[in-house]
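One file, model.txt, is given below (compact mmCIF, C-alpha atoms).
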```txt
# COMPACT_ATOMS: atom_id res chain seq x y z
CA MET A 1 -12.55 -37.69 -0.43
CA GLY A 2 -12.56 -35.55 2.67
CA VAL A 3 -8.80 -35.87 3.07
CA LEU A 4 -8.22 -35.14 -0.64
CA SER A 5 -10.43 -32.07 -0.51
CA ALA A 6 -8.51 -30.77 2.48
CA GLN A 7 -5.20 -31.25 0.66
CA VAL A 8 -6.49 -29.42 -2.43
CA ALA A 9 -7.79 -26.58 -0.27
CA ALA A 10 -4.47 -26.30 1.55
CA ARG A 11 -2.61 -26.20 -1.75
CA GLU A 12 -4.84 -23.47 -3.15
CA ASP A 13 -4.46 -21.44 0.04
CA MET A 14 -0.66 -21.71 -0.15
CA LEU A 15 -0.62 -20.64 -3.82
CA ALA A 16 -2.95 -17.71 -3.06
CA ARG A 17 -0.58 -16.51 -0.34
CA VAL A 18 2.37 -16.78 -2.73
CA ARG A 19 0.51 -14.70 -5.34
CA ARG A 20 -0.36 -12.00 -2.79
CA SER A 21 3.24 -11.89 -1.61
CA LEU A 22 4.54 -11.48 -5.15
CA GLN A 23 2.07 -8.71 -5.90
CA ALA A 24 2.99 -6.85 -2.71
CA GLY A 25 6.75 -7.21 -3.23
CA SER A 26 8.85 -4.37 -4.54
CA ALA A 27 10.12 -4.47 -8.10
CA LEU A 28 13.67 -5.51 -8.82
CA PRO A 29 16.10 -2.64 -9.45
CA ALA A 30 16.71 -1.68 -13.04
CA PHE A 31 19.39 -3.67 -14.83
CA THR A 32 22.55 -1.69 -15.54
CA ALA A 33 24.70 -3.04 -18.34
CA VAL A 34 28.45 -3.14 -17.79
CA THR A 35 30.60 -2.53 -20.85
CA ILE A 36 34.36 -2.46 -20.72
CA SER A 37 36.88 -3.53 -23.33
CA ALA A 38 40.24 -2.92 -21.71
CA ALA A 39 41.98 -3.39 -18.39
CA PRO A 40 41.81 -0.51 -15.90
CA PRO A 41 44.58 2.10 -16.27
CA ALA A 42 47.82 1.56 -14.39
CA ALA A 43 47.18 4.67 -12.29
CA ASP A 44 44.24 2.91 -10.64
CA ARG A 45 46.05 -0.33 -9.83
CA GLN A 46 47.61 0.78 -6.54
CA GLN A 47 44.23 1.94 -5.30
CA MET A 48 42.63 -1.33 -6.37
CA LEU A 49 45.42 -3.34 -4.77
CA HIS A 50 44.92 -1.50 -1.50
CA GLU A 51 41.17 -2.16 -1.62
CA PHE A 52 41.77 -5.83 -2.43
CA GLU A 53 44.16 -6.16 0.52
CA THR A 54 41.66 -4.49 2.84
CA GLN A 55 38.75 -6.67 1.78
CA LEU A 56 40.77 -9.90 1.85
CA ASN A 57 42.05 -9.06 5.32
CA ILE A 58 38.47 -8.60 6.54
CA LEU A 59 37.77 -12.11 5.23
CA GLN A 60 40.81 -13.42 7.17
CA GLY A 61 43.00 -13.86 4.11
CA ARG A 62 46.42 -12.31 3.68
CA THR A 63 48.18 -10.42 0.89
CA VAL A 64 51.95 -10.38 0.39
CA ARG A 65 53.76 -8.10 -2.07
CA THR A 66 57.12 -9.15 -3.47
CA PRO A 67 59.42 -8.11 -6.34
CA ARG A 68 59.59 -10.74 -9.07
CA ALA A 69 63.32 -11.24 -8.42
CA LYS A 70 62.56 -12.27 -4.82
CA LEU A 71 59.48 -14.39 -5.48
CA SER A 72 61.14 -17.79 -4.97
CA ALA A 73 62.66 -16.70 -1.68
CA CYS A 74 59.32 -15.24 -0.60
CA ILE A 75 57.40 -18.45 -1.31
CA ASP A 76 60.16 -20.53 0.27
CA GLY A 77 59.86 -18.44 3.44
CA LEU A 78 56.07 -18.82 3.58
CA LEU A 79 56.33 -22.59 3.14
CA ARG A 80 59.12 -23.07 5.68
CA GLU A 81 57.22 -21.05 8.29
CA ARG A 82 54.41 -23.60 8.02
CA GLY A 83 56.54 -26.72 7.72
CA VAL A 84 55.40 -27.48 4.17
CA HIS A 85 57.35 -30.04 2.13
CA THR A 86 54.85 -31.38 -0.42
CA LEU A 87 52.93 -29.21 -2.88
CA LEU A 88 50.18 -29.27 -5.44
CA ALA A 89 50.42 -26.69 -8.20
CA TRP A 90 49.10 -25.51 -11.52
CA ASP A 91 51.39 -26.30 -14.43
CA ALA A 92 54.27 -23.82 -14.73
CA ALA A 93 52.90 -22.43 -18.01
CA HIS A 94 49.77 -21.20 -16.20
CA LEU A 95 51.61 -19.39 -13.42
CA PRO A 96 52.70 -15.73 -13.72
CA ALA A 97 56.22 -16.92 -12.80
CA PRO A 98 56.94 -20.11 -14.80
CA GLN A 99 60.38 -20.60 -13.22
CA LEU A 100 58.97 -20.81 -9.68
CA LEU A 101 58.28 -24.55 -9.61
CA GLN A 102 61.81 -25.39 -10.78
CA ASP A 103 63.22 -23.08 -8.11
CA LEU A 104 61.13 -24.80 -5.43
CA GLN A 105 62.19 -28.25 -6.60
CA ALA A 106 65.81 -27.09 -6.40
CA ARG A 107 65.06 -26.18 -2.77
CA GLU A 108 63.95 -29.82 -2.27
CA TYR A 109 60.19 -29.35 -2.23
CA GLU A 110 58.18 -32.23 -3.66
CA ILE A 111 55.62 -31.11 -6.26
CA LEU A 112 52.99 -33.73 -6.99
CA ALA A 113 51.81 -34.23 -10.56
CA ALA A 114 48.58 -32.34 -11.09
CA GLN A 115 47.23 -34.71 -13.74
CA VAL A 116 45.32 -37.64 -12.26
CA PRO A 117 45.68 -40.89 -14.26
CA ARG A 118 42.43 -42.39 -15.54
CA ALA A 119 43.37 -46.05 -15.32
CA GLU A 120 43.39 -48.07 -12.12
CA PRO A 121 45.30 -48.80 -9.94
CA ALA A 122 47.42 -45.76 -10.85
CA ARG A 123 44.44 -43.44 -10.37
CA ALA A 124 43.68 -44.63 -6.82
CA GLN A 125 47.34 -44.48 -5.85
CA HIS A 126 47.76 -40.95 -7.19
CA VAL A 127 44.56 -39.67 -5.55
CA GLN A 128 45.79 -41.05 -2.24
CA SER A 129 49.14 -39.28 -2.67
CA LEU A 130 47.37 -35.94 -3.22
CA GLY A 131 46.26 -36.05 0.39
CA THR A 132 49.88 -35.66 1.51
CA ALA A 133 50.16 -32.15 0.05
CA THR A 134 50.05 -29.41 2.66
CA ALA A 135 50.04 -26.44 0.27
CA GLY A 136 48.64 -25.62 -3.15
CA ILE A 137 50.05 -23.00 -5.53
CA THR A 138 47.94 -21.49 -8.29
CA GLY A 139 47.80 -18.44 -10.47
CA ALA A 140 44.66 -16.33 -10.84
CA ASP A 141 42.62 -15.28 -13.85
CA GLY A 142 41.31 -12.16 -12.19
CA VAL A 143 41.67 -10.27 -8.91
CA ILE A 144 38.55 -8.44 -7.77
CA ALA A 145 39.22 -5.42 -5.56
CA GLN A 146 35.63 -4.82 -4.44
CA VAL A 147 35.22 -8.19 -2.70
CA GLY A 148 38.81 -9.29 -2.07
CA GLY A 149 38.20 -12.16 -4.48
CA LEU A 150 40.36 -14.30 -6.76
CA VAL A 151 38.89 -15.71 -9.98
CA LEU A 152 40.25 -19.16 -10.87
CA CYS A 153 39.28 -20.96 -14.08
CA GLY A 154 39.82 -24.71 -13.96
CA GLY A 155 40.97 -26.73 -16.93
CA PRO A 156 43.96 -28.62 -18.36
CA GLY A 157 47.04 -27.76 -16.31
CA ARG A 158 44.91 -25.75 -13.87
CA PRO A 159 43.43 -28.41 -11.55
CA ARG A 160 40.82 -27.32 -9.02
CA HIS A 161 42.34 -29.55 -6.36
CA ALA A 162 45.41 -27.29 -6.25
CA SER A 163 43.24 -24.63 -4.60
CA LEU A 164 40.97 -26.96 -2.61
CA LEU A 165 42.74 -29.96 -1.09
CA ALA A 166 45.67 -28.59 0.92
CA PRO A 167 45.33 -26.59 4.17
CA LEU A 168 47.27 -23.68 2.61
CA HIS A 169 46.46 -22.03 -0.70
CA ILE A 170 48.96 -19.60 -2.22
CA ALA A 171 47.62 -17.70 -5.23
CA LEU A 172 50.02 -15.71 -7.42
CA PHE A 173 48.93 -12.64 -9.37
CA THR A 174 50.26 -9.45 -10.93
CA PRO A 175 48.84 -5.91 -10.65
CA GLN A 176 47.74 -6.14 -14.30
CA GLN A 177 45.13 -8.71 -13.24
CA LEU A 178 43.31 -6.35 -10.87
CA TRP A 179 39.73 -5.33 -11.67
CA PRO A 180 37.38 -3.05 -9.69
CA THR A 181 34.38 -5.42 -9.75
CA LEU A 182 33.50 -8.94 -10.82
CA ALA A 183 30.98 -7.54 -13.32
CA GLU A 184 33.72 -5.59 -15.10
CA TRP A 185 36.01 -8.60 -15.18
CA MET A 186 33.24 -10.76 -16.65
CA ALA A 187 32.29 -8.10 -19.21
CA ALA A 188 35.91 -7.93 -20.39
CA HIS A 189 36.19 -11.71 -20.70
CA ALA A 190 32.69 -12.54 -21.92
CA THR A 191 33.87 -13.53 -25.40
CA ALA A 192 37.28 -14.85 -24.40
CA ALA A 193 38.38 -18.39 -25.19
CA LEU A 194 39.16 -18.69 -21.47
CA PHE A 195 35.57 -19.71 -20.72
CA ALA A 196 35.39 -22.16 -23.61
CA GLN A 197 38.51 -23.91 -22.32
CA SER A 198 37.51 -23.94 -18.65
CA SER A 199 35.70 -26.68 -16.77
CA SER A 200 34.81 -24.32 -13.92
CA VAL A 201 35.03 -20.70 -12.81
CA THR A 202 35.47 -20.14 -9.08
CA VAL A 203 35.64 -16.92 -7.08
CA ILE A 204 37.61 -17.40 -3.86
CA ALA A 205 37.25 -14.76 -1.18
CA GLY A 206 39.18 -15.71 1.95
CA PRO A 207 39.79 -19.15 3.49
CA SER A 208 37.10 -21.84 3.46
CA ARG A 209 34.59 -21.19 6.23
CA THR A 210 31.37 -22.49 7.72
CA SER A 211 29.33 -21.93 10.87
CA ASP A 212 26.93 -24.07 12.85
CA ILE A 213 23.47 -23.25 14.11
CA GLU A 214 25.00 -21.29 16.99
CA ARG A 215 26.97 -19.16 14.49
CA VAL A 216 30.34 -20.48 15.61
CA LEU A 217 32.68 -19.80 12.68
CA THR A 218 35.17 -22.51 11.71
CA LEU A 219 37.87 -22.14 9.05
CA GLY A 220 39.16 -24.89 6.79
CA VAL A 221 36.22 -27.28 6.89
CA HIS A 222 35.49 -27.45 3.15
CA GLY A 223 38.82 -26.27 1.79
CA PRO A 224 42.03 -24.44 2.74
CA LYS A 225 42.23 -22.98 6.23
CA GLU A 226 44.68 -20.29 5.07
CA LEU A 227 44.74 -18.19 1.90
CA ILE A 228 47.73 -16.06 0.92
CA ALA A 229 47.53 -13.92 -2.21
CA VAL A 230 51.00 -13.03 -3.48
CA CYS A 231 51.26 -9.94 -5.67
CA ILE A 232 54.30 -10.10 -7.98
CA GLU A 233 55.51 -6.57 -8.62
CA ASP A 234 57.84 -5.93 -11.55
```
As structure tokens - that is how I would like this structure written.
Amino acid sequence: MGVLSAQVAAREDMLARVRRSLQAGSALPAFTAVTISAAPPAADRQQMLHEFETQLNILQGRTVRTPRAKLSACIDGLLRERGVHTLLAWDAAHLPAPQLLQDLQAREYEILAAQVPRAEPARAQHVQSLGTATAGITGADGVIAQVGGLVLCGGPGRPRHASLLAPLHIALFTPQQLWPTLAEWMAAHATAALFAQSSSVTVIAGPSRTSDIERVLTLGVHGPKELIAVCIED
């Protein structure tokens, strides 16, 4: 009984300290609703793009601007610089440049099928082949200037592994997809079918990173080591 009494007393003391801490803590700031029904005006896009580039650069990502007519050559150059031959990608219909994948195949890049078979042994064989990809190409569902972030919604034809498995992630977007903040993007898409059709919503800000107890930063441990956001300008 003595041991039990001590445990009960220790528990009550801990709960009392938690209550005192909560009472002494400051109140949360007032909630501010965000309401927006349309994309930001075109006049603001260059400013937002500059802010996005600045923030992504701080996070050790990179932004490239290219005219639509030169997109295939731009991507080809980025891949050749890094010795990439095998790719993962979203389906062409979900990219802001549907012709890109055909152009890359014509340049002799291998693009692995994004859909993973359910039945064995085809599933195991395909999963093993995904590990040979050294770059992933995706679109983006939103580009957040404030944090240098890319919003990616997973789902049919938009596999998460295209942005996670390979050492290099190339994300394509257009200026029309820029938003000042994540809150405004979410407010504008709160009722959209996009969420109903998505298995996940991910915000990617810079390459994958982690640090140990000594605060030594390492890139590429849990995902791509390099992130390049390509802005397609019409």
inquiry  = Counting all atoms listed in the file, which residues sit no farther than 8 Å from the position (45.8, -35.9, -11.2) in the file's frame? I'd like them as a ChimeraX atom specification.
reply    = /A:113-117,123,126-127,159
If you count all atoms listed in the file, the residue of A:Val18, A:Ala183, A:Leu87, A:Ala69 closest to Ile144 of chain A turns out to be A:Ala183
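Atom pair atom CA of Asp141 of chain A / atom CA of Gln176 of chain A: separated by 10.5 Å.
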key: Selection near Pro96 of chain A, 7 Å with only C-alpha atoms, sequence-local residues under 6 positions removed, as a count of residues only   = 3
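Those residues that approach Leu49 of chain A to within 10 Å, counting all atoms listed in the file, are Asp44, Arg45, Gln46, Gln47, Glu51, Phe52, Glu53, Thr54, Gln55, Thr63, Arg65, Val143, Ile144, Ala145, Gln146, Gly148, Thr174, Pro175, Leu178, Trp179, Pro180 and Cys231 of chain A; same-chain residues fewer than 2 positions away are not listed.
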Residue with the minimum atom-to-atom distance to Ala92 of chain A, picked from A:Ala166, A:Leu130, A:Ala24, A:Ile111 with only C-alpha atoms counted, is A:Ile111
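If you look at atom CA of Glu108 of chain A and atom CA of Thr86 of chain A, they are 9.4 Å away from each other.
Taking atom CA of Pro41 of chain A and atom CA of Trp185 of chain A as endpoints, the distance between them is 13.8 Å.
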Using 9 Å as the limit and counting only C-alpha atoms, can you tabulate each residue of segment 145-227 of chain A that touches segment 131-135 of chain A, with its shortest atom-to-atom distance in Å and the two atoms involved, as JSON lines?
```
{"residue": "A:Ala162", "atom": "CA", "partner": "A:Ala135", "partner_atom": "CA", "distance": 8.0}
{"residue": "A:Ser163", "atom": "CA", "partner": "A:Ala135", "partner_atom": "CA", "distance": 8.6}
{"residue": "A:Leu165", "atom": "CA", "partner": "A:Gly131", "partner_atom": "CA", "distance": 7.2}
{"residue": "A:Ala166", "atom": "CA", "partner": "A:Thr134", "partner_atom": "CA", "distance": 4.8}
{"residue": "A:Pro167", "atom": "CA", "partner": "A:Thr134", "partner_atom": "CA", "distance": 5.7}
{"residue": "A:Leu168", "atom": "CA", "partner": "A:Ala135", "partner_atom": "CA", "distance": 4.6}
{"residue": "A:His169", "atom": "CA", "partner": "A:Ala135", "partner_atom": "CA", "distance": 5.8}
{"residue": "A:Ile170", "atom": "CA", "partner": "A:Ala135", "partner_atom": "CA", "distance": 7.4}
{"residue": "A:Pro224", "atom": "CA", "partner": "A:Ala135", "partner_atom": "CA", "distance": 8.6}
```
Note to self: If we count only C-alpha atoms and set the cut-off at 7 Å, which residues sit around Leu150 of chain A, ignoring sequence neighbours fewer than 2 positions away in its own chain? Please answer as a list in words.
What the structure shows: Ala140, Gly142, Val143, Ile144, Leu152, Val203, Ile204 and Ala205 of chain A
